[in-house]
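Visitor: query_33.cif is the file, holding mmCIF, C-alpha atoms and all ligand atoms:
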data_my_file
#
loop_
_atom_site.group_PDB
_atom_site.id
_atom_site.type_symbol
_atom_site.label_atom_id
_atom_site.label_comp_id
_atom_site.auth_asym_id
_atom_site.auth_seq_id
_atom_site.Cartn_x
_atom_site.Cartn_y
_atom_site.Cartn_z
ATOM 1 C CA MET A 1 98.407 84.173 101.753
ATOM 2 C CA LYS A 2 101.753 85.834 102.457
ATOM 3 C CA THR A 3 102.688 87.243 99.035
ATOM 4 C CA LEU A 4 100.659 89.164 96.528
ATOM 5 C CA GLN A 5 101.341 87.847 93.054
ATOM 6 C CA HIS A 6 101.182 89.182 89.539
ATOM 7 C CA LYS A 7 97.901 87.344 88.844
ATOM 8 C CA HIS A 8 96.282 89.037 91.858
ATOM 9 C CA ILE A 9 97.227 92.486 90.582
ATOM 10 C CA ILE A 10 95.812 91.738 87.127
ATOM 11 C CA LYS A 11 92.629 90.438 88.771
ATOM 12 C CA TRP A 12 92.454 93.572 90.939
ATOM 13 C CA PHE A 13 92.576 95.904 87.953
ATOM 14 C CA GLU A 14 90.070 93.751 86.094
ATOM 15 C CA LEU A 15 87.575 93.670 88.985
ATOM 16 C CA ALA A 16 88.055 97.393 89.647
ATOM 17 C CA SER A 17 87.232 98.135 86.005
ATOM 18 C CA LEU A 18 84.078 96.016 86.191
ATOM 19 C CA THR A 19 82.964 97.468 89.549
ATOM 20 C CA LEU A 20 83.463 101.051 88.428
ATOM 21 C CA ARG A 21 81.506 100.325 85.257
ATOM 22 C CA GLU A 22 78.667 98.777 87.284
ATOM 23 C CA ASN A 23 78.652 101.747 89.655
ATOM 24 C CA LYS A 24 78.892 104.438 86.992
ATOM 25 C CA ASP A 25 75.373 105.795 87.596
ATOM 26 C CA TYR A 26 75.760 105.644 91.378
ATOM 27 C CA LEU A 27 79.035 107.619 91.296
ATOM 28 C CA THR A 28 77.551 110.118 88.886
ATOM 29 C CA LYS A 29 74.505 110.560 91.118
ATOM 30 C CA LEU A 30 76.752 111.295 94.118
ATOM 31 C CA ASP A 31 78.799 113.767 92.055
ATOM 32 C CA SER A 32 75.596 115.399 90.742
ATOM 33 C CA GLU A 33 74.554 116.312 94.295
ATOM 34 C CA ILE A 34 77.663 118.318 95.180
ATOM 35 C CA GLY A 35 79.799 118.322 92.019
ATOM 36 C CA ASP A 36 79.395 118.333 88.241
ATOM 37 C CA ALA A 37 77.923 114.859 87.691
ATOM 38 C CA ASP A 38 80.853 113.292 85.842
ATOM 39 C CA HIS A 39 82.670 111.112 88.381
ATOM 40 C CA GLY A 40 81.016 107.900 87.138
ATOM 41 C CA PHE A 41 81.858 108.771 83.559
ATOM 42 C CA ASN A 42 85.438 109.749 84.474
ATOM 43 C CA MET A 43 86.162 106.559 86.395
ATOM 44 C CA GLU A 44 84.548 104.330 83.806
ATOM 45 C CA ARG A 45 86.523 105.967 81.034
ATOM 46 C CA GLY A 46 89.865 105.699 82.856
ATOM 47 C CA PHE A 47 89.372 102.129 83.958
ATOM 48 C CA ASN A 48 88.110 101.041 80.536
ATOM 49 C CA LYS A 49 91.493 102.118 79.207
ATOM 50 C CA VAL A 50 93.116 100.091 81.987
ATOM 51 C CA HIS A 51 90.912 97.132 81.075
ATOM 52 C CA ASN A 52 92.156 97.391 77.488
ATOM 53 C CA LYS A 53 95.705 97.024 78.790
ATOM 54 C CA LEU A 54 95.139 93.890 80.856
ATOM 55 C CA GLU A 55 96.538 91.608 78.172
ATOM 56 C CA GLU A 56 99.689 93.729 77.890
ATOM 57 C CA PHE A 57 99.961 93.764 81.700
ATOM 58 C CA SER A 58 99.562 90.002 81.944
ATOM 59 C CA LEU A 59 102.638 89.568 79.706
ATOM 60 C CA ASN A 60 104.782 91.892 81.844
ATOM 61 C CA THR A 61 106.132 90.419 85.090
ATOM 62 C CA ASP A 62 107.523 93.744 86.407
ATOM 63 C CA LEU A 63 104.843 94.972 88.818
ATOM 64 C CA GLY A 64 106.499 98.378 89.157
ATOM 65 C CA ALA A 65 106.185 98.909 85.405
ATOM 66 C CA ILE A 66 102.555 97.761 85.407
ATOM 67 C CA PHE A 67 101.572 100.191 88.183
ATOM 68 C CA LYS A 68 103.381 103.069 86.483
ATOM 69 C CA ASN A 69 101.687 102.314 83.177
ATOM 70 C CA MET A 70 98.356 102.067 84.994
ATOM 71 C CA GLY A 71 98.910 105.484 86.626
ATOM 72 C CA MET A 72 99.889 107.136 83.339
ATOM 73 C CA THR A 73 96.826 105.600 81.705
ATOM 74 C CA LEU A 74 94.514 107.162 84.293
ATOM 75 C CA ILE A 75 96.246 110.547 84.112
ATOM 76 C CA SER A 76 95.954 110.673 80.342
ATOM 77 C CA SER A 77 92.370 109.421 80.052
ATOM 78 C CA ILE A 78 90.441 111.045 82.924
ATOM 79 C CA GLY A 79 89.511 114.683 82.430
ATOM 80 C CA GLY A 80 88.494 115.546 86.000
ATOM 81 C CA ALA A 81 90.428 116.140 89.210
ATOM 82 C CA SER A 82 90.265 112.439 90.008
ATOM 83 C CA GLY A 83 92.475 111.507 87.000
ATOM 84 C CA PRO A 84 95.737 113.113 88.161
ATOM 85 C CA LEU A 85 94.972 112.096 91.761
ATOM 86 C CA TYR A 86 94.334 108.397 91.128
ATOM 87 C CA GLY A 87 97.038 108.451 88.469
ATOM 88 C CA THR A 88 99.537 109.779 90.998
ATOM 89 C CA PHE A 89 98.493 107.110 93.485
ATOM 90 C CA PHE A 90 99.278 104.252 91.085
ATOM 91 C CA LEU A 91 102.373 105.951 89.676
ATOM 92 C CA GLN A 92 103.894 106.480 93.124
ATOM 93 C CA PHE A 93 102.849 102.980 94.158
ATOM 94 C CA GLY A 94 104.766 101.678 91.129
ATOM 95 C CA MET A 95 107.857 103.743 91.973
ATOM 96 C CA ALA A 96 108.049 101.972 95.333
ATOM 97 C CA ILE A 97 108.067 98.463 93.842
ATOM 98 C CA VAL A 98 110.352 98.868 90.817
ATOM 99 C CA THR A 99 111.202 95.478 89.195
ATOM 100 C CA LYS A 100 109.407 93.452 91.860
ATOM 101 C CA THR A 101 107.481 90.436 90.549
ATOM 102 C CA GLU A 102 105.580 89.752 93.776
ATOM 103 C CA LEU A 103 104.834 91.787 96.900
ATOM 104 C CA SER A 104 105.230 91.016 100.578
ATOM 105 C CA LEU A 105 102.861 92.762 102.976
ATOM 106 C CA GLN A 106 105.711 95.135 103.835
ATOM 107 C CA ASP A 107 106.164 95.960 100.105
ATOM 108 C CA PHE A 108 102.439 96.578 99.710
ATOM 109 C CA VAL A 109 102.193 98.777 102.813
ATOM 110 C CA THR A 110 105.211 100.889 101.821
ATOM 111 C CA ALA A 111 103.935 101.335 98.269
ATOM 112 C CA PHE A 112 100.393 102.172 99.390
ATOM 113 C CA GLU A 113 101.709 104.827 101.753
ATOM 114 C CA LYS A 114 103.837 106.309 98.993
ATOM 115 C CA GLY A 115 100.765 106.400 96.751
ATOM 116 C CA VAL A 116 98.651 108.168 99.365
ATOM 117 C CA ASN A 117 101.427 110.670 100.069
ATOM 118 C CA GLY A 118 101.517 111.431 96.351
ATOM 119 C CA VAL A 119 97.777 112.163 96.334
ATOM 120 C CA LYS A 120 98.124 114.376 99.425
ATOM 121 C CA LEU A 121 100.985 116.318 97.891
ATOM 122 C CA ARG A 122 99.158 116.778 94.615
ATOM 123 C CA GLY A 123 95.699 117.639 95.991
ATOM 124 C CA ARG A 124 96.677 119.200 99.319
ATOM 125 C CA ALA A 125 93.707 117.547 101.036
ATOM 126 C CA SER A 126 93.748 116.326 104.629
ATOM 127 C CA VAL A 127 91.486 113.869 106.408
ATOM 128 C CA GLY A 128 88.129 115.565 107.041
ATOM 129 C CA ASP A 129 88.139 117.632 103.830
ATOM 130 C CA LYS A 130 85.509 115.282 102.311
ATOM 131 C CA THR A 131 87.624 113.730 99.552
ATOM 132 C CA MET A 132 89.115 110.374 98.570
ATOM 133 C CA ILE A 133 91.826 111.096 101.186
ATOM 134 C CA ASP A 134 89.230 110.426 103.894
ATOM 135 C CA VAL A 135 89.261 106.790 102.740
ATOM 136 C CA LEU A 136 92.858 106.394 101.570
ATOM 137 C CA ALA A 137 94.748 107.930 104.525
ATOM 138 C CA PRO A 138 93.088 105.856 107.298
ATOM 139 C CA VAL A 139 93.628 102.747 105.162
ATOM 140 C CA ALA A 140 97.345 103.592 104.918
ATOM 141 C CA ASP A 141 97.422 103.929 108.735
ATOM 142 C CA ARG A 142 95.562 100.657 109.233
ATOM 143 C CA LEU A 143 97.983 98.937 106.837
ATOM 144 C CA LYS A 144 100.984 100.141 108.824
ATOM 145 C CA GLU A 145 99.438 98.822 112.044
ATOM 146 C CA SER A 146 98.857 95.451 110.389
ATOM 147 C CA LEU A 147 102.599 94.927 109.909
ATOM 148 C CA SER A 148 103.145 94.152 113.575
ATOM 149 C CA GLU A 149 100.255 91.673 113.627
ATOM 150 C CA ASN A 150 101.768 89.112 111.231
ATOM 151 C CA ASN A 151 98.445 88.688 109.420
ATOM 152 C CA THR A 152 97.648 87.173 106.036
ATOM 153 C CA PHE A 153 96.678 89.370 103.086
ATOM 154 C CA GLU A 154 93.134 87.970 103.379
ATOM 155 C CA LYS A 155 92.755 89.297 106.930
ATOM 156 C CA VAL A 156 94.455 92.621 106.195
ATOM 157 C CA PHE A 157 92.386 93.341 103.075
ATOM 158 C CA SER A 158 89.188 92.358 104.823
ATOM 159 C CA ASP A 159 90.061 94.844 107.614
ATOM 160 C CA ILE A 160 90.898 97.710 105.278
ATOM 161 C CA VAL A 161 87.669 97.291 103.302
ATOM 162 C CA LYS A 162 85.673 97.588 106.533
ATOM 163 C CA SER A 163 87.698 100.675 107.457
ATOM 164 C CA ALA A 164 87.183 102.127 103.970
ATOM 165 C CA GLU A 165 83.423 101.612 104.097
ATOM 166 C CA LYS A 166 83.193 103.376 107.452
ATOM 167 C CA SER A 167 85.362 106.255 106.205
ATOM 168 C CA MET A 168 83.297 106.578 103.021
ATOM 169 C CA LYS A 169 80.099 106.914 105.067
ATOM 170 C CA SER A 170 81.821 109.336 107.437
ATOM 171 C CA THR A 171 82.121 111.861 104.580
ATOM 172 C CA VAL A 172 78.326 112.438 104.610
ATOM 173 C CA PRO A 173 78.137 115.011 107.464
ATOM 174 C CA LEU A 174 81.353 116.813 106.463
ATOM 175 C CA ILE A 175 81.729 120.232 104.852
ATOM 176 C CA ALA A 176 83.831 119.880 101.692
ATOM 177 C CA LYS A 177 87.117 121.790 101.842
ATOM 178 C CA LYS A 178 88.678 120.668 98.554
ATOM 179 C CA GLY A 179 87.515 120.136 94.981
ATOM 180 C CA ARG A 180 84.298 121.340 93.366
ATOM 181 C CA ALA A 181 82.120 120.398 96.331
ATOM 182 C CA SER A 182 83.990 122.998 98.413
ATOM 183 C CA TYR A 183 82.335 125.760 96.341
ATOM 184 C CA LEU A 184 79.071 124.772 98.043
ATOM 185 C CA GLY A 185 80.424 125.280 101.570
ATOM 186 C CA ALA A 186 77.862 124.176 104.173
ATOM 187 C CA ARG A 187 75.500 123.017 101.412
ATOM 188 C CA SER A 188 77.833 120.055 100.816
ATOM 189 C CA VAL A 189 76.716 118.588 104.166
ATOM 190 C CA GLY A 190 74.478 115.511 103.972
ATOM 191 C CA HIS A 191 76.014 114.004 100.822
ATOM 192 C CA GLN A 192 78.567 111.222 100.467
ATOM 193 C CA ASP A 193 81.732 112.166 98.596
ATOM 194 C CA ALA A 194 81.988 110.570 95.152
ATOM 195 C CA GLY A 195 85.781 110.094 95.212
ATOM 196 C CA ALA A 196 85.686 108.513 98.683
ATOM 197 C CA THR A 197 83.126 106.116 97.219
ATOM 198 C CA SER A 198 85.225 105.173 94.191
ATOM 199 C CA SER A 199 88.216 104.626 96.515
ATOM 200 C CA TYR A 200 86.109 102.245 98.594
ATOM 201 C CA LEU A 201 85.039 100.369 95.441
ATOM 202 C CA ILE A 202 88.651 100.052 94.234
ATOM 203 C CA LEU A 203 89.699 98.640 97.626
ATOM 204 C CA LYS A 204 86.742 96.255 97.688
ATOM 205 C CA SER A 205 87.870 94.834 94.341
ATOM 206 C CA LEU A 206 91.361 94.331 95.776
ATOM 207 C CA LYS A 207 89.882 92.188 98.553
ATOM 208 C CA GLU A 208 87.833 90.243 96.005
ATOM 209 C CA ALA A 209 90.826 89.735 93.720
ATOM 210 C CA ILE A 210 92.588 87.505 96.229
ATOM 211 C CA GLU A 211 89.466 85.531 97.106
ATOM 212 C CA GLU A 212 89.144 83.915 93.678
HETATM 213 P P1 LIG B 1 85.944 116.854 88.971
HETATM 214 O O1 LIG B 1 85.671 117.336 90.356
HETATM 215 O O2 LIG B 1 87.072 117.591 88.312
HETATM 216 O O3 LIG B 1 84.708 116.798 88.125
HETATM 217 P P2 LIG B 1 85.719 114.033 89.542
HETATM 218 O O4 LIG B 1 84.260 114.279 89.619
HETATM 219 O O5 LIG B 1 86.121 112.889 88.677
HETATM 220 O O6 LIG B 1 86.515 115.339 89.115
HETATM 221 O O7 LIG B 1 86.302 113.708 90.997
HETATM 222 C C1 LIG B 1 85.796 114.364 92.123
HETATM 223 C C2 LIG B 1 86.403 113.723 93.363
HETATM 224 O O8 LIG B 1 87.797 113.979 93.410
HETATM 225 C C3 LIG B 1 85.838 114.276 94.653
HETATM 226 O O9 LIG B 1 84.680 113.574 95.030
HETATM 227 C C4 LIG B 1 86.978 114.102 95.652
HETATM 228 O O10 LIG B 1 86.916 112.859 96.335
HETATM 229 C C5 LIG B 1 88.204 114.079 94.766
HETATM 230 N N1 LIG B 1 88.976 115.317 94.924
HETATM 231 C C6 LIG B 1 88.729 116.524 94.382
HETATM 232 N N2 LIG B 1 89.691 117.415 94.724
HETATM 233 C C7 LIG B 1 90.561 116.727 95.515
HETATM 234 C C8 LIG B 1 91.784 117.060 96.196
HETATM 235 N N3 LIG B 1 92.297 118.304 96.120
HETATM 236 N N4 LIG B 1 92.407 116.099 96.906
HETATM 237 C C9 LIG B 1 91.906 114.844 96.970
HETATM 238 N N5 LIG B 1 90.766 114.468 96.345
HETATM 239 C C10 LIG B 1 90.104 115.390 95.643
HETATM 240 MG MG MG B 2 83.035 115.722 88.890
HETATM 241 MG MG MG B 3 84.430 117.361 86.114
#
Rewrite the coordinates I just gave you, this time as structure tokens.
Guide:
Amino acid sequence: MKTLQHKHIIKWFELASLTLRENKDYLTKLDSEIGDADHGFNMERGFNKVHNKLEEFSLNTDLGAIFKNMGMTLISSIGGASGPLYGTFFLQFGMAIVTKTELSLQDFVTAFEKGVNGVKLRGRASVGDKTMIDVLAPVADRLKESLSENNTFEKVFSDIVKSAEKSMKSTVPLIAKKGRASYLGARSVGHQDAGATSSYLILKSLKEAIEE
């Protein structure tokens, strides 16, 4: 597959909503170890609102508008730190693809990078701080590398999910430097970051969305 179409984006948001719902207790358990035990609830709530908009999104061919609406929906419905961060990701992603009705790999890579830069600017986290950035930033790098390889979306998404899974697991031994977990200092070691985990799940649903 060489272009990502409207139907794939709708499927992505639908599968992400379902996956986050299914993993609500898991995400909450991770956040209970080094946070305030609400990440599962937060993500489920935000993505339920997105799920409610899928019909509206399926009638709109402007992908930029859909991503911006998606981002605003997350910002306005998630109470925790993850709401503005994920919201910014999708909002900035949307800004990069204004009026496009399908995405080339180049479009996707540029928009993803813009999204990640938005999260970095907003949360001031770097790789190694034990946050969602530990998953998102290496994926952005991997995506940029993929441009020179002339690969299909199938191959690229399969690669980034593997990278995301590794990065998610790599948060376990880290000391948290940002967010609530950072209040624990060295006691945050030995636990997987909840936001890195939800980022992995969102990327896994992207891979699945183009397989159907
Ligand atoms: P809260 O911490 O407000 O309860 P959530 O539990 O929904 O919000 O989200 C926590 C997750 O948000 C963390 O696991 C981490 O991945 C991510 N996070 C927190 N602060 C930052 C930040 N400054 N930059 C990037 N990600 C962050
Ligand atoms: Mg929390
Ligand atoms: Mg909270």
Visitor: Quick one: of A:Ala81, A:Leu30, A:Ala37, A:Ile202, who's nearest to A:Val172, counting only C-alpha atoms?
Guide: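 Of the candidates, the smallest distance to A:Val172 is held by A:Leu30.
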Visitor: Would you work out the distance separating atom CA of A:Leu59 from atom CA of A:Thr101, expressed in Å to one decimal?
Guide: 11.9 Å
Visitor: Hey, which residues sit close to ligand MG 2 (chain B)? Say within 9 Å, counting all atoms listed in the file, and write them as a PyMOL selection string.
Guide: chain A and resi 28+31-32+34-42+80-82+179-181+194-195
Visitor: Under the PyMOL selection byres (((chain A and resi 71) around 9) and not hetatm), which residues of this model are included? Write them out as a list in words.
Guide: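 For this structure, the PyMOL selection byres (((chain A and resi 71) around 9) and not hetatm) captures Ile66, Phe67, Lys68, Asn69, Met70, Met72, Thr73, Leu74, Ile75, Ser76, Gly83, Pro84, Tyr86, Gly87, Thr88, Phe89, Phe90, Leu91, Gln92, Phe93 and Gly94 of chain A.
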Visitor: What residues come out when you apply the PyMOL selection byres (((chain A and resi 211) around 12) and not hetatm) to this file, written as a short mmCIF file (atom, residue, chain, number, x, y, z; two decimals) with C-alpha atoms, in the coordinates of the input?
Guide:
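Just written: part-v3.cif:
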data_model
loop_
_atom_site.label_atom_id
_atom_site.label_comp_id
_atom_site.auth_asym_id
_atom_site.auth_seq_id
_atom_site.Cartn_x
_atom_site.Cartn_y
_atom_site.Cartn_z
CA MET A 1 98.41 84.17 101.75
CA LEU A 4 100.66 89.16 96.53
CA LYS A 7 97.90 87.34 88.84
CA HIS A 8 96.28 89.04 91.86
CA LYS A 11 92.63 90.44 88.77
CA TRP A 12 92.45 93.57 90.94
CA LEU A 15 87.58 93.67 88.98
CA PHE A 153 96.68 89.37 103.09
CA GLU A 154 93.13 87.97 103.38
CA LYS A 155 92.76 89.30 106.93
CA PHE A 157 92.39 93.34 103.08
CA SER A 158 89.19 92.36 104.82
CA LYS A 204 86.74 96.26 97.69
CA SER A 205 87.87 94.83 94.34
CA LEU A 206 91.36 94.33 95.78
CA LYS A 207 89.88 92.19 98.55
CA GLU A 208 87.83 90.24 96.00
CA ALA A 209 90.83 89.74 93.72
CA ILE A 210 92.59 87.50 96.23
CA GLU A 212 89.14 83.92 93.68
#
Visitor: If you count only C-alpha atoms, which residues fall within 8 Å of A:Met43, apart from same-chain ones fewer than 5 positions away, as a list in words?
Guide: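 Here the answer would be Leu20, Arg21, Lys24, Ile78 and Ser198 of chain A.
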Visitor: To one decimal in Å, tell me the separation between atom O5 of ligand LIG 1 (chain B) and atom CA of A:Met132.
Guide: 10.6 Å
Visitor: Quick one: contact table of stretch 121-149 of chain A to stretch 163-168 of chain A, 12 Å max, nearest atom pair and distance in Å to one decimal per residue, counting only C-alpha atoms, chain and number order, as a tab-separated table?
Guide:
residue	atom	partner	partner_atom	distance
A:Val127	CA	A:Ser167	CA	9.8
A:Gly128	CA	A:Ser167	CA	9.7
A:Asp129	CA	A:Ser167	CA	11.9
A:Lys130	CA	A:Met168	CA	9.0
A:Thr131	CA	A:Met168	CA	9.1
A:Met132	CA	A:Met168	CA	8.3
A:Ile133	CA	A:Ser167	CA	9.5
A:Asp134	CA	A:Ser167	CA	6.1
A:Val135	CA	A:Ser167	CA	5.2
A:Leu136	CA	A:Ala164	CA	7.5
A:Ala137	CA	A:Ala164	CA	9.6
A:Pro138	CA	A:Ser163	CA	7.5
A:Val139	CA	A:Ala164	CA	6.6
A:Ala140	CA	A:Ala164	CA	10.3
A:Asp141	CA	A:Ser163	CA	10.3
A:Arg142	CA	A:Ser163	CA	8.1
A:Leu143	CA	A:Ser163	CA	10.4
Visitor: May I have the selected residues written with C-alpha atoms, as a compact mmCIF listing (two decimals), in the coordinates of the input?
Guide:
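File produced: again-v8.txt:
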# COMPACT_ATOMS: atom_id res chain seq x y z
CA VAL A 127 91.49 113.87 106.41
CA GLY A 128 88.13 115.56 107.04
CA ASP A 129 88.14 117.63 103.83
CA LYS A 130 85.51 115.28 102.31
CA THR A 131 87.62 113.73 99.55
CA MET A 132 89.12 110.37 98.57
CA ILE A 133 91.83 111.10 101.19
CA ASP A 134 89.23 110.43 103.89
CA VAL A 135 89.26 106.79 102.74
CA LEU A 136 92.86 106.39 101.57
CA ALA A 137 94.75 107.93 104.52
CA PRO A 138 93.09 105.86 107.30
CA VAL A 139 93.63 102.75 105.16
CA ALA A 140 97.34 103.59 104.92
CA ASP A 141 97.42 103.93 108.74
CA ARG A 142 95.56 100.66 109.23
CA LEU A 143 97.98 98.94 106.84
Visitor: Counting all atoms listed in the file, write as a list in words all protein and nucleic acid residues lying at most 9 Å from (104.3, 103.5, 96.4) in the file's frame.
Guide: Phe89, Phe90, Leu91, Gln92, Phe93, Gly94, Met95, Ala96, Ile97, Asp107, Phe108, Val109, Thr110, Ala111, Phe112, Glu113, Lys114, Gly115, Val116, Asn117 and Gly118 of chain A
